[in-house]
file start08.cif (mmCIF, C-alpha atoms)
data_structure
loop_
_atom_site.label_atom_id
_atom_site.label_comp_id
_atom_site.auth_asym_id
_atom_site.auth_seq_id
_atom_site.Cartn_x
_atom_site.Cartn_y
_atom_site.Cartn_z
CA MET B 1 11.84 3.42 -26.98
CA THR B 2 10.21 6.81 -26.22
CA ASN B 3 6.86 5.52 -27.44
CA THR B 4 7.25 2.43 -25.25
CA LEU B 5 8.16 4.55 -22.23
CA LEU B 6 5.18 6.86 -22.62
CA PHE B 7 2.78 3.94 -23.14
CA GLU B 8 4.14 2.08 -20.10
CA VAL B 9 3.77 5.17 -17.88
CA GLY B 10 0.24 5.66 -19.25
CA THR B 11 -0.60 2.02 -18.48
CA ALA B 12 0.75 2.41 -14.94
CA LEU B 13 -1.42 5.51 -14.42
CA VAL B 14 -4.49 3.63 -15.68
CA ILE B 15 -3.80 0.92 -13.09
CA VAL B 16 -3.44 3.59 -10.37
CA ALA B 17 -6.71 5.22 -11.49
CA LEU B 18 -8.53 1.85 -11.42
CA ALA B 19 -7.26 1.26 -7.87
CA ALA B 20 -8.56 4.69 -6.85
CA LEU B 21 -11.98 4.00 -8.39
CA LEU B 22 -12.20 0.60 -6.67
CA ALA B 23 -11.21 2.06 -3.30
CA ASN B 24 -13.77 4.84 -3.71
CA GLN B 25 -16.55 2.36 -4.55
CA LEU B 26 -15.70 0.28 -1.47
CA LYS B 27 -15.24 3.45 0.62
CA PHE B 28 -11.84 2.21 1.75
CA SER B 29 -8.27 3.46 1.95
CA ILE B 30 -6.57 3.50 -1.45
CA ILE B 31 -3.18 2.48 -0.01
CA PRO B 32 -3.61 -1.34 0.12
CA PHE B 33 -5.12 -1.42 -3.38
CA LEU B 34 -2.16 0.47 -4.84
CA ILE B 35 0.40 -1.73 -3.09
CA LEU B 36 -1.40 -4.93 -4.17
CA LEU B 37 -1.71 -3.85 -7.80
CA GLY B 38 1.94 -2.80 -7.80
CA MET B 39 2.91 -6.24 -6.50
CA ALA B 40 0.68 -7.95 -9.08
CA VAL B 41 2.63 -6.43 -11.97
CA GLY B 42 6.37 -5.88 -12.43
CA PRO B 43 9.19 -8.08 -13.73
CA HIS B 44 7.32 -11.33 -12.96
CA ALA B 45 4.14 -10.23 -14.80
CA PRO B 46 3.30 -11.41 -18.34
CA GLU B 47 3.09 -9.38 -21.54
CA ILE B 48 -0.45 -9.34 -22.95
CA GLY B 49 -0.49 -8.10 -26.54
CA ILE B 50 0.71 -4.51 -26.61
CA PHE B 51 0.52 -4.27 -22.80
CA ASP B 52 3.85 -4.88 -21.09
CA PHE B 53 3.08 -5.17 -17.39
CA THR B 54 6.73 -5.76 -16.49
CA PHE B 55 7.33 -1.99 -16.71
CA ILE B 56 11.02 -2.59 -17.50
CA GLU B 57 11.49 0.56 -19.60
CA SER B 58 9.53 2.82 -17.27
CA SER B 59 10.60 1.46 -13.86
CA GLU B 60 13.08 4.28 -13.20
CA ILE B 61 10.67 7.09 -14.06
CA ILE B 62 7.87 5.47 -12.02
CA GLU B 63 10.28 5.18 -9.09
CA PHE B 64 11.26 8.85 -9.55
CA PHE B 65 7.58 9.86 -9.56
CA GLY B 66 7.27 7.87 -6.33
CA ARG B 67 10.12 9.86 -4.79
CA ILE B 68 8.32 13.06 -5.75
CA GLY B 69 5.23 11.60 -4.05
CA VAL B 70 7.17 11.25 -0.78
CA LEU B 71 8.27 14.88 -1.03
CA PHE B 72 4.71 16.11 -1.49
CA LEU B 73 3.36 13.87 1.30
CA LEU B 74 5.85 15.18 3.85
CA PHE B 75 5.75 18.76 2.57
CA TYR B 76 1.97 18.74 3.08
CA LEU B 77 2.44 17.20 6.53
CA GLY B 78 4.78 20.06 7.43
CA ILE B 79 2.24 22.60 6.16
CA GLU B 80 -0.51 20.98 8.27
CA PHE B 81 1.67 20.92 11.36
CA SER B 82 2.74 24.15 12.99
CA VAL B 83 5.01 25.00 15.89
CA GLY B 84 2.30 27.28 17.24
CA LYS B 85 -0.20 24.41 17.22
CA LEU B 86 2.22 22.29 19.25
CA ILE B 87 2.74 25.08 21.80
CA ARG B 88 -1.04 25.52 22.13
CA SER B 89 -1.70 21.78 22.51
CA GLY B 90 -2.74 20.62 25.93
CA ARG B 91 -0.92 18.55 28.51
CA SER B 92 -3.07 15.49 27.77
CA ILE B 93 -1.89 15.50 24.14
CA VAL B 94 1.77 15.58 25.18
CA VAL B 95 1.22 12.86 27.80
CA GLY B 96 -0.90 10.73 25.45
CA GLY B 97 1.53 11.13 22.57
CA THR B 98 4.52 10.25 24.75
CA ILE B 99 2.79 7.11 26.07
CA TYR B 100 1.81 6.05 22.54
CA VAL B 101 5.21 6.60 20.90
CA ALA B 102 7.25 5.25 23.84
CA MET B 103 5.22 2.07 24.17
CA ASN B 104 5.25 1.29 20.44
CA PHE B 105 8.94 2.15 20.02
CA PHE B 106 10.04 0.16 23.08
CA LEU B 107 8.06 -2.93 22.04
CA GLY B 108 9.42 -2.52 18.51
CA LEU B 109 12.96 -2.61 19.90
CA ILE B 110 12.19 -5.75 21.88
CA TYR B 111 10.60 -7.38 18.82
CA GLY B 112 13.51 -6.48 16.55
CA PHE B 113 16.14 -7.88 18.92
CA ALA B 114 14.01 -10.94 19.78
CA THR B 115 13.72 -11.85 16.08
CA GLY B 116 17.48 -11.58 15.58
CA PHE B 117 17.85 -8.27 13.71
CA PRO B 118 21.05 -6.19 14.06
CA VAL B 119 20.92 -2.82 15.87
CA MET B 120 20.22 -0.54 12.88
CA GLU B 121 17.54 -2.80 11.43
CA THR B 122 15.95 -3.03 14.88
CA LEU B 123 15.85 0.77 15.16
CA ILE B 124 14.14 0.99 11.75
CA ILE B 125 11.60 -1.68 12.76
CA ALA B 126 10.91 0.14 16.04
CA GLY B 127 10.46 3.37 14.09
CA LEU B 128 8.07 2.00 11.48
CA LEU B 129 6.04 0.25 14.20
CA SER B 130 5.67 3.59 16.01
CA VAL B 131 4.18 5.78 13.26
CA SER B 132 0.53 5.52 12.32
CA SER B 133 -0.91 6.69 9.00
CA THR B 134 -2.12 10.28 9.30
CA ALA B 135 -4.02 9.98 6.01
CA ILE B 136 -5.91 6.80 6.95
CA VAL B 137 -6.66 7.88 10.53
CA ALA B 138 -8.00 11.27 9.41
CA LYS B 139 -10.15 9.58 6.74
CA VAL B 140 -11.52 7.05 9.26
CA VAL B 141 -12.50 9.78 11.74
CA VAL B 142 -14.35 11.72 9.01
CA ASP B 143 -15.97 8.67 7.37
CA LEU B 144 -17.28 7.34 10.71
CA LYS B 145 -18.59 10.82 11.61
CA ARG B 146 -16.58 10.95 14.85
CA THR B 147 -15.15 14.45 14.49
CA ALA B 148 -17.28 15.67 17.41
CA ASN B 149 -16.52 12.69 19.70
CA SER B 150 -14.87 13.37 23.05
CA GLU B 151 -11.79 11.30 22.14
CA THR B 152 -11.21 12.80 18.68
CA GLU B 153 -9.17 15.78 19.89
CA LEU B 154 -6.82 13.41 21.72
CA ILE B 155 -6.60 11.12 18.66
CA LEU B 156 -5.57 14.04 16.47
CA GLY B 157 -3.20 15.26 19.17
CA ILE B 158 -1.49 11.87 19.38
CA ILE B 159 -1.19 11.82 15.58
CA LEU B 160 0.38 15.29 15.70
CA PHE B 161 2.83 14.17 18.39
CA ASP B 162 3.57 11.04 16.33
CA ASP B 163 4.38 13.23 13.32
CA ILE B 164 6.87 15.23 15.41
CA PHE B 165 8.48 11.99 16.54
CA LEU B 166 8.70 10.89 12.89
CA ALA B 167 10.55 14.09 11.95
CA LEU B 168 13.03 13.68 14.82
CA PHE B 169 13.48 9.96 14.15
CA LEU B 170 14.12 10.43 10.44
CA SER B 171 16.57 13.25 11.16
CA VAL B 172 18.58 11.13 13.60
CA MET B 173 18.47 8.00 11.42
CA SER B 174 19.48 10.04 8.37
CA GLY B 175 22.61 11.08 10.23
CA LEU B 176 23.31 7.51 11.32
CA LEU B 177 22.61 5.77 8.01
CA LEU B 178 23.41 8.35 5.35
CA GLY B 179 26.19 10.29 7.03
CA GLY B 180 28.83 7.89 5.72
CA SER B 181 30.77 7.95 8.98
CA THR B 182 32.46 4.83 10.34
CA THR B 183 33.66 6.27 13.66
CA VAL B 184 31.63 7.13 16.75
CA PHE B 185 32.74 10.77 16.53
CA GLY B 186 31.81 10.98 12.85
CA THR B 187 28.38 9.47 13.56
CA ILE B 188 27.74 11.97 16.38
CA ILE B 189 28.70 14.82 14.03
CA SER B 190 26.30 13.51 11.35
CA VAL B 191 23.44 13.30 13.85
CA LEU B 192 24.22 16.80 15.19
CA ILE B 193 24.20 18.21 11.64
CA SER B 194 20.77 16.65 11.08
CA LEU B 195 19.39 18.04 14.35
CA CYS B 196 20.89 21.51 13.80
CA TYR B 197 19.46 21.54 10.28
CA MET B 198 16.05 20.69 11.71
CA LEU B 199 16.40 23.34 14.44
CA LEU B 200 17.21 25.94 11.78
CA PHE B 201 13.82 25.41 10.13
CA PHE B 202 12.05 25.60 13.51
CA VAL B 203 13.72 28.98 14.07
CA ILE B 204 12.72 30.13 10.56
CA ALA B 205 9.14 29.01 11.26
CA ARG B 206 8.99 31.09 14.45
CA LYS B 207 11.14 34.13 13.58
CA GLY B 208 11.24 34.36 9.80
CA THR B 209 7.52 34.54 9.09
CA PRO B 210 7.43 38.29 8.21
CA ILE B 211 10.19 37.84 5.62
CA LEU B 212 8.54 34.72 4.13
CA ASN B 213 5.19 36.54 3.97
CA LYS B 214 6.80 39.33 1.99
CA LEU B 215 8.75 37.03 -0.35
CA LEU B 216 5.68 34.93 -1.14
CA ASP B 217 3.34 37.87 -1.66
CA ILE B 218 2.90 36.92 -5.34
CA LYS B 219 -0.42 37.57 -7.06
CA SER B 220 0.03 35.18 -10.00
CA ASN B 221 -0.77 31.56 -9.08
CA GLU B 222 1.47 30.40 -11.90
CA ILE B 223 4.52 32.20 -10.54
CA PHE B 224 3.57 31.39 -6.94
CA ILE B 225 3.49 27.64 -7.54
CA LEU B 226 6.74 27.79 -9.52
CA VAL B 227 8.44 29.48 -6.56
CA ILE B 228 7.01 26.97 -4.05
CA PHE B 229 8.00 23.95 -6.14
CA ALA B 230 11.45 25.41 -6.81
CA LEU B 231 11.97 25.78 -3.06
CA LEU B 232 10.63 22.27 -2.39
CA PHE B 233 12.92 20.47 -4.84
CA PHE B 234 15.95 22.64 -4.04
CA VAL B 235 15.63 22.16 -0.26
CA ALA B 236 15.04 18.40 -0.72
CA GLY B 237 18.11 18.12 -2.94
CA PHE B 238 20.24 20.30 -0.66
CA SER B 239 19.19 18.17 2.32
CA GLU B 240 20.45 15.09 0.52
CA LYS B 241 23.82 16.81 0.01
CA LEU B 242 24.01 17.23 3.80
CA HIS B 243 23.16 13.52 4.22
CA VAL B 244 19.73 14.41 5.58
CA ALA B 245 16.87 12.46 4.00
CA GLU B 246 15.23 14.41 1.15
CA ALA B 247 11.84 13.69 2.69
CA ILE B 248 12.93 15.46 5.89
CA GLY B 249 13.96 18.49 3.83
CA ALA B 250 10.46 18.60 2.34
CA LEU B 251 8.84 18.28 5.77
CA LEU B 252 11.03 21.03 7.25
CA LEU B 253 10.23 23.41 4.39
CA GLY B 254 6.52 22.76 4.94
CA LEU B 255 7.04 23.45 8.63
CA ALA B 256 8.76 26.76 7.86
CA LEU B 257 5.90 27.83 5.59
CA SER B 258 3.15 26.63 7.94
CA GLU B 259 3.24 29.82 10.01
CA THR B 260 2.89 32.18 7.02
CA LYS B 261 -0.30 33.87 5.85
CA HIS B 262 0.06 31.93 2.56
CA ARG B 263 -0.47 28.56 4.25
CA GLU B 264 -3.99 27.92 2.96
CA ARG B 265 -3.03 29.02 -0.55
CA ILE B 266 -0.09 26.60 -0.58
CA GLU B 267 -2.32 23.77 0.70
CA HIS B 268 -4.90 24.41 -2.00
CA LEU B 269 -2.31 24.34 -4.78
CA VAL B 270 -0.33 21.36 -3.44
CA ILE B 271 -3.16 18.89 -2.64
CA PRO B 272 -3.70 17.68 -6.26
CA PHE B 273 0.05 17.03 -6.65
CA ARG B 274 0.17 15.29 -3.26
CA ASP B 275 -2.68 12.99 -4.24
CA PHE B 276 -1.35 12.26 -7.74
CA PHE B 277 2.31 11.61 -6.93
CA GLY B 278 1.44 10.08 -3.54
CA ALA B 279 -0.65 7.43 -5.30
CA ILE B 280 2.26 6.65 -7.62
CA PHE B 281 4.51 6.33 -4.56
CA PHE B 282 2.43 3.48 -3.14
CA PHE B 283 2.12 1.82 -6.55
CA SER B 284 5.90 2.16 -7.05
CA PHE B 285 6.53 0.61 -3.64
CA GLY B 286 4.36 -2.39 -4.56
CA LEU B 287 6.00 -2.58 -7.99
CA SER B 288 9.41 -3.00 -6.37
CA ILE B 289 8.28 -6.06 -4.38
CA ASP B 290 8.35 -9.58 -5.75
CA PRO B 291 5.31 -11.31 -4.20
CA PHE B 292 7.20 -14.61 -4.36
CA SER B 293 9.77 -13.15 -1.94
CA LEU B 294 7.21 -12.47 0.81
CA GLY B 295 7.38 -15.97 2.27
CA GLY B 296 10.24 -15.20 4.64
CA ALA B 297 8.59 -12.00 5.86
CA ILE B 298 4.96 -13.04 6.36
CA TRP B 299 5.22 -14.58 9.84
CA LEU B 300 7.64 -11.88 10.93
CA ALA B 301 5.13 -9.22 9.83
CA ILE B 302 2.16 -11.01 11.41
CA GLY B 303 3.99 -11.05 14.77
CA ALA B 304 4.60 -7.31 14.44
CA ILE B 305 0.93 -6.74 13.49
CA ILE B 306 -0.35 -8.58 16.57
CA LEU B 307 2.11 -6.63 18.75
CA THR B 308 1.02 -3.33 17.17
CA ILE B 309 -2.70 -3.95 17.69
CA ILE B 310 -2.20 -4.88 21.35
CA SER B 311 0.25 -2.04 21.97
CA ASN B 312 -1.99 0.56 20.31
CA PHE B 313 -5.04 -0.56 22.27
CA VAL B 314 -3.23 -0.49 25.62
CA ALA B 315 -1.58 2.88 24.83
CA GLY B 316 -4.96 4.29 23.79
CA MET B 317 -6.62 3.07 26.98
CA ILE B 318 -3.89 4.53 29.22
CA SER B 319 -3.81 7.86 27.33
CA GLY B 320 -7.58 8.19 27.33
CA ARG B 321 -8.00 7.35 31.00
CA LYS B 322 -5.23 9.78 32.00
CA ALA B 323 -7.08 12.46 30.01
CA GLY B 324 -10.27 11.71 31.96
CA LEU B 325 -12.10 9.90 29.14
CA SER B 326 -14.36 6.89 29.63
CA HIS B 327 -13.18 3.33 28.96
CA ASN B 328 -15.32 3.28 25.81
CA ALA B 329 -13.82 6.51 24.42
CA SER B 330 -10.32 5.38 25.43
CA SER B 331 -10.72 2.09 23.57
CA ASN B 332 -11.76 4.06 20.46
CA ILE B 333 -8.39 5.85 20.54
CA GLY B 334 -6.31 2.67 20.34
CA LEU B 335 -8.53 1.08 17.69
CA THR B 336 -8.57 4.21 15.50
CA ILE B 337 -4.83 4.93 15.36
CA VAL B 338 -3.72 1.37 14.60
CA SER B 339 -3.55 1.92 10.81
CA ARG B 340 -0.10 2.00 9.22
CA GLY B 341 0.71 3.41 5.80
CA GLU B 342 2.81 6.05 4.07
CA PHE B 343 5.16 6.93 6.94
CA SER B 344 6.05 3.33 7.82
CA ILE B 345 7.07 2.84 4.18
CA ILE B 346 9.14 6.04 4.26
CA VAL B 347 10.98 4.80 7.38
CA ALA B 348 11.66 1.44 5.72
CA ASN B 349 12.89 3.15 2.53
CA LEU B 350 15.36 5.17 4.60
CA GLY B 351 16.73 1.92 6.01
CA LEU B 352 17.04 0.42 2.52
CA ALA B 353 18.75 3.59 1.24
CA GLY B 354 21.24 3.15 4.09
CA GLY B 355 22.10 -0.36 2.88
CA LEU B 356 20.23 -2.32 5.55
CA MET B 357 18.83 -5.84 5.10
CA PRO B 358 16.56 -6.26 2.01
CA ILE B 359 13.97 -8.18 4.07
CA LEU B 360 12.80 -4.80 5.40
CA LYS B 361 10.95 -4.20 2.13
CA PRO B 362 8.70 -7.34 2.06
CA PHE B 363 8.30 -7.12 5.85
CA THR B 364 7.03 -3.54 5.60
CA ALA B 365 4.82 -4.38 2.61
CA VAL B 366 2.96 -7.13 4.49
CA TYR B 367 2.84 -5.10 7.72
CA VAL B 368 1.44 -1.96 6.07
CA LEU B 369 -0.87 -3.86 3.74
CA ILE B 370 -2.63 -5.79 6.51
CA LEU B 371 -2.86 -2.87 8.97
CA ALA B 372 -4.09 -0.49 6.25
CA ILE B 373 -6.98 -2.93 5.80
CA LEU B 374 -7.49 -3.95 9.44
CA GLY B 375 -7.17 -0.43 10.90
CA PRO B 376 -10.39 1.04 9.43
CA LEU B 377 -12.25 -2.22 10.17
CA LEU B 378 -11.18 -2.19 13.83
CA ALA B 379 -12.24 1.47 14.13
CA LYS B 380 -15.60 0.72 12.51
CA GLU B 381 -16.24 -2.22 14.86
CA SER B 382 -14.86 -0.46 17.95
CA LYS B 383 -18.26 -0.48 19.68
CA ASN B 384 -18.64 -4.26 19.39
CA ILE B 385 -14.99 -4.83 20.33
CA TYR B 386 -15.47 -2.70 23.44
CA LYS B 387 -18.61 -4.64 24.42
CA PHE B 388 -16.72 -7.92 24.05
CA LEU B 389 -13.76 -6.72 26.12
CA ASN B 390 -16.04 -5.12 28.73
CA ASN B 391 -17.64 -8.53 29.33
CA ILE B 392 -14.18 -9.82 30.19
CA PHE B 393 -12.66 -6.91 32.14
CA LYS B 394 -15.94 -5.55 33.63
CA TRP B 395 -14.90 -1.89 33.22
CA GLU B 396 -18.47 -0.58 33.51
CA ASN B 397 -19.11 -2.62 36.67
CA LYS B 398 -15.95 -1.24 38.29
CA LYS B 399 -17.11 2.27 37.43
CA LYS B 400 -20.50 1.66 39.04
CA ASN B 401 -18.88 0.15 42.13
CA ARG B 402 -16.75 3.27 42.57
CA SER B 403 -19.82 5.55 42.33
CA PRO B 404 -20.82 7.19 45.64
CA LEU B 405 -23.83 5.64 47.36
CA PRO B 406 -27.02 7.73 47.34
CA HIS B 407 -27.73 9.60 50.59
CA LYS B 408 -30.49 7.97 52.64
CA SER B 409 -32.79 10.32 54.48
CA LEU B 410 -33.85 9.42 58.01
#
call {"tool": "encode", "arguments": {"input": "start08.cif", "output": "structure tokens"}}
result
Amino acid sequence: MTNTLLFEVGTALVIVALAALLANQLKFSIIPFLILLGMAVGPHAPEIGIFDFTFIESSEIIEFFGRIGVLFLLFYLGIEFSVGKLIRSGRSIVVGGTIYVAMNFFLGLIYGFATGFPVMETLIIAGLLSVSSTAIVAKVVVDLKRTANSETELILGIILFDDIFLALFLSVMSGLLLGGSTTVFGTIISVLISLCYMLLFFVIARKGTPILNKLLDIKSNEIFILVIFALLFFVAGFSEKLHVAEAIGALLLGLALSETKHRERIEHLVIPFRDFFGAIFFFSFGLSIDPFSLGGAIWLAIGAIILTIISNFVAGMISGRKAGLSHNASSNIGLTIVSRGEFSIIVANLGLAGGLMPILKPFTAVYVLILAILGPLLAKESKNIYKFLNNIFKWENKKKNRSPLPHKSL
């Protein structure tokens, strides 16, 4: 059995590696490839000689590796984000981020109720429709060489604001879904515990930096990484005991460490683990989905995809124009941040962990899969899309008409 387990895990890692190589060759996000390959194998897959693609023996350990992947993804997000960065961010970022999150969340609520979902499922759908993929968006901006563009600062600011919303949303939903309370009072207490727990880490991030700097002043990389990982897994596990999602515990620890002088050292040591276990997370998510069960979720997901594309474009245009950007630059915002990925899956997994409807899994799979593919393509073709829309809405003509007339000399 041990030999079978090791061989199955090795086979799974080969599949993950092949997906990474294919994505690299096509210069595309690895996320859809990993989800698709995960869906292609699993319990419904055949056995070919010594290769057992059902992964029956190894399913639990692959799923556990996937959980570790979530911890590293959100821990790294916390390290990247800092309270100081938020305080220093401009008014346009706060306004743009609020417009983006509010519009997506509100339309998500409408869509959830309109399609007949109960309240909790609707909240999860609204949440996963509201969070873009930081990894894909950042990669798109770099790959398209747009880091110096006028709209890029606002794009990154909106993504940062979106990440903060994600942390708050997961904290609240953890209290609602995992708190185990059946009364209104008990639910309020669970939510308050989650929010107070989150506030504690914000305070540590702002006030406890000198102590953390001293505690982590370790010369040996071996001991340093052992301490960091011990903290990561302990805080994640302790968070679960408080009925706060383990992923939120990882994010909050990253947030607390983001203000220390050891931030860059932690990033450097964590990135390989984030990439390795993060890839297994997406593969594990695909592995848990029976492709023959997607039928009932496809049209539901397509409706959400259309809504997301429209909502993101409109939110991007409003945010960009309020920040004083051109119509062209504003349209780039909405078309760049439309990608969905790791965080939408994390939101859906929280709902599933809370015992919500199983259709959330295939719905999220189709939704993320298509937008992880469409998002980079829409960003790449943003110039042509803008030209097409400008022919309809005549934005450039309106701009010229508002220009002051040249002074005529007598």
call {"tool": "resolve_selection", "arguments": {"input": "start08.cif", "expression": "the PyMOL selection byres ((chain B and resi 134) around 12)", "output": "number ranges by chain"}}
result
B: 29, 73-74, 76-77, 80-81, 131-133, 135-141, 155-164, 166, 336-344, 372, 375
call {"tool": "residues_around", "arguments": {"input": "start08.cif", "residues": "Leu199 of chain B", "least_positions_apart": "2", "cutoff": "12 Å", "atoms": "all atoms listed in the file", "output": "number ranges by chain"}}
result
B: 83, 167-168, 171, 192-197, 201-206, 249, 252-253, 255-256
call {"tool": "residues_around", "arguments": {"input": "start08.cif", "residues": "Arg274 of chain B", "least_positions_apart": "2", "cutoff": "12 Å", "atoms": "only C-alpha atoms", "output": "list in words"}}
result
Phe65, Gly66, Arg67, Ile68, Gly69, Val70, Leu71, Phe72, Leu73, Leu74, Phe75, Tyr76, Leu77, Ala135, Ile266, Glu267, His268, Leu269, Val270, Ile271, Pro272, Phe276, Phe277, Gly278, Ala279, Ile280 and Phe281 of chain B
call {"tool": "atom_distance", "arguments": {"input": "start08.cif", "atom1": "atom CA of Glu153 of chain B", "atom2": "atom CA of Asn332 of chain B"}}
result
12.0 Å
call {"tool": "atom_distance", "arguments": {"input": "start08.cif", "atom1": "atom CA of Phe113 of chain B", "atom2": "atom CA of Leu335 of chain B"}}
result
26.3 Å
call {"tool": "closest_residue", "arguments": {"input": "start08.cif", "among": "B:Ala297, B:Leu287, B:Gly97, B:Lys241", "to": "Ile333 of chain B", "atoms": "all atoms listed in the file"}}
result
B:Gly97
call {"tool": "atom_distance", "arguments": {"input": "start08.cif", "atom1": "atom CA of Phe282 of chain B", "atom2": "atom CA of Leu144 of chain B"}}
result
24.4 Å
call {"tool": "residues_around", "arguments": {"input": "start08.cif", "residues": "Thr260 of chain B", "least_positions_apart": "4", "cutoff": "7 Å", "atoms": "only C-alpha atoms", "output": "PyMOL selection string"}}
result
chain B and resi 209+212-213
call {"tool": "resolve_selection", "arguments": {"input": "start08.cif", "expression": "the PyMOL selection byres ((chain B and resi 311) around 12)", "output": "VMD selection string"}}
result
chain B and resid 99 to 108 129 to 130 304 to 310 312 to 319 331 333 to 335 337 to 338
call {"tool": "closest_residue", "arguments": {"input": "start08.cif", "among": "B:Val142, B:Leu325, B:Ala114, B:Leu377", "to": "Gly96 of chain B", "atoms": "all atoms listed in the file"}}
result
B:Leu325
call {"tool": "closest_residue", "arguments": {"input": "start08.cif", "among": "B:Ser330, B:Asp143, B:Val191, B:Leu231", "to": "Trp395 of chain B", "atoms": "only C-alpha atoms"}}
result
B:Ser330
call {"tool": "closest_residue", "arguments": {"input": "start08.cif", "among": "B:Val227, B:Ile15, B:Ile289, B:Ala323", "to": "Gly42 of chain B", "atoms": "all atoms listed in the file"}}
result
B:Ile289
call {"tool": "resolve_selection", "arguments": {"input": "start08.cif", "expression": "the PyMOL selection byres ((chain B and resi 358) around 12)", "output": "short mmCIF file (atom, residue, chain, number, x, y, z; two decimals) with C-alpha atoms, in the frame of the given file"}}
result
data_model
loop_
_atom_site.label_atom_id
_atom_site.label_comp_id
_atom_site.auth_asym_id
_atom_site.auth_seq_id
_atom_site.Cartn_x
_atom_site.Cartn_y
_atom_site.Cartn_z
CA PHE B 117 17.85 -8.27 13.71
CA GLU B 121 17.54 -2.80 11.43
CA SER B 288 9.41 -3.00 -6.37
CA ILE B 289 8.28 -6.06 -4.38
CA ASP B 290 8.35 -9.58 -5.75
CA SER B 293 9.77 -13.15 -1.94
CA LEU B 294 7.21 -12.47 0.81
CA GLY B 296 10.24 -15.20 4.64
CA ALA B 297 8.59 -12.00 5.86
CA ALA B 348 11.66 1.44 5.72
CA ASN B 349 12.89 3.15 2.53
CA LEU B 350 15.36 5.17 4.60
CA GLY B 351 16.73 1.92 6.01
CA LEU B 352 17.04 0.42 2.52
CA ALA B 353 18.75 3.59 1.24
CA GLY B 354 21.24 3.15 4.09
CA GLY B 355 22.10 -0.36 2.88
CA LEU B 356 20.23 -2.32 5.55
CA MET B 357 18.83 -5.84 5.10
CA ILE B 359 13.97 -8.18 4.07
CA LEU B 360 12.80 -4.80 5.40
CA LYS B 361 10.95 -4.20 2.13
CA PRO B 362 8.70 -7.34 2.06
CA PHE B 363 8.30 -7.12 5.85
CA THR B 364 7.03 -3.54 5.60
CA ALA B 365 4.82 -4.38 2.61
#
call {"tool": "closest_residue", "arguments": {"input": "start08.cif", "among": "B:Ile62, B:Ile373, B:Leu177, B:Ile225", "to": "Gly38 of chain B", "atoms": "all atoms listed in the file"}}
result
B:Ile62
call {"tool": "closest_residue", "arguments": {"input": "start08.cif", "among": "B:Ile56, B:Ile346, B:Ile392, B:Ile125", "to": "His44 of chain B", "atoms": "only C-alpha atoms"}}
result
B:Ile56
call {"tool": "residues_around", "arguments": {"input": "start08.cif", "residues": "Thr115 of chain B", "least_positions_apart": "4", "cutoff": "9 Å", "atoms": "all atoms listed in the file", "output": "JSON, numbers by chain"}}
result
{"B": [110, 111, 300]}
call {"tool": "residues_near_point", "arguments": {"input": "start08.cif", "point": "(0.8, -4.9, -24.1)", "cutoff": "12 Å", "atoms": "all atoms listed in the file", "output": "list of chain:residue names"}}
result
B:Thr4, B:Phe7, B:Glu8, B:Gly10, B:Thr11, B:Ala12, B:Ala45, B:Pro46, B:Glu47, B:Ile48, B:Gly49, B:Ile50, B:Phe51, B:Asp52, B:Phe53, B:Thr54, B:Phe55
call {"tool": "residues_around", "arguments": {"input": "start08.cif", "residues": "segment 233-239 of chain B", "least_positions_apart": "6", "cutoff": "7 Å", "atoms": "all atoms listed in the file", "output": "PyMOL selection string"}}
result
chain B and resi 245-247+249-250
call {"tool": "decode", "arguments": {"input": "start08.cif", "residues": "segment 272-278 of chain B", "atoms": "N, CA, C and O atoms", "output": "PDB file, in the first residue's frame"}}
result
ATOM      1  N   PRO B 272       8.987  29.263  -3.185  1.00  0.00           N
ATOM      2  CA  PRO B 272       8.991  27.914  -3.769  1.00  0.00           C
ATOM      3  C   PRO B 272       7.901  27.010  -3.193  1.00  0.00           C
ATOM      4  O   PRO B 272       7.288  26.229  -3.927  1.00  0.00           O
ATOM      5  N   PHE B 273       7.631  27.125  -1.891  1.00  0.00           N
ATOM      6  CA  PHE B 273       6.589  26.321  -1.256  1.00  0.00           C
ATOM      7  C   PHE B 273       5.208  26.780  -1.713  1.00  0.00           C
ATOM      8  O   PHE B 273       4.306  25.969  -1.919  1.00  0.00           O
ATOM      9  N   ARG B 274       5.048  28.101  -1.872  1.00  0.00           N
ATOM     10  CA  ARG B 274       3.775  28.637  -2.375  1.00  0.00           C
ATOM     11  C   ARG B 274       3.477  28.092  -3.758  1.00  0.00           C
ATOM     12  O   ARG B 274       2.363  27.651  -4.058  1.00  0.00           O
ATOM     13  N   ASP B 275       4.487  28.123  -4.634  1.00  0.00           N
ATOM     14  CA  ASP B 275       4.297  27.661  -6.006  1.00  0.00           C
ATOM     15  C   ASP B 275       4.035  26.160  -6.075  1.00  0.00           C
ATOM     16  O   ASP B 275       3.160  25.704  -6.815  1.00  0.00           O
ATOM     17  N   PHE B 276       4.796  25.387  -5.288  1.00  0.00           N
ATOM     18  CA  PHE B 276       4.660  23.927  -5.317  1.00  0.00           C
ATOM     19  C   PHE B 276       3.299  23.486  -4.768  1.00  0.00           C
ATOM     20  O   PHE B 276       2.520  22.815  -5.451  1.00  0.00           O
ATOM     21  N   PHE B 277       3.005  23.862  -3.531  1.00  0.00           N
ATOM     22  CA  PHE B 277       1.754  23.422  -2.915  1.00  0.00           C
ATOM     23  C   PHE B 277       0.541  24.133  -3.519  1.00  0.00           C
ATOM     24  O   PHE B 277      -0.552  23.564  -3.556  1.00  0.00           O
ATOM     25  N   GLY B 278       0.739  25.373  -4.005  1.00  0.00           N
ATOM     26  CA  GLY B 278      -0.350  26.078  -4.670  1.00  0.00           C
ATOM     27  C   GLY B 278      -0.786  25.357  -5.930  1.00  0.00           C
ATOM     28  O   GLY B 278      -1.981  25.244  -6.219  1.00  0.00           O
TER      29      GLY B 278
END
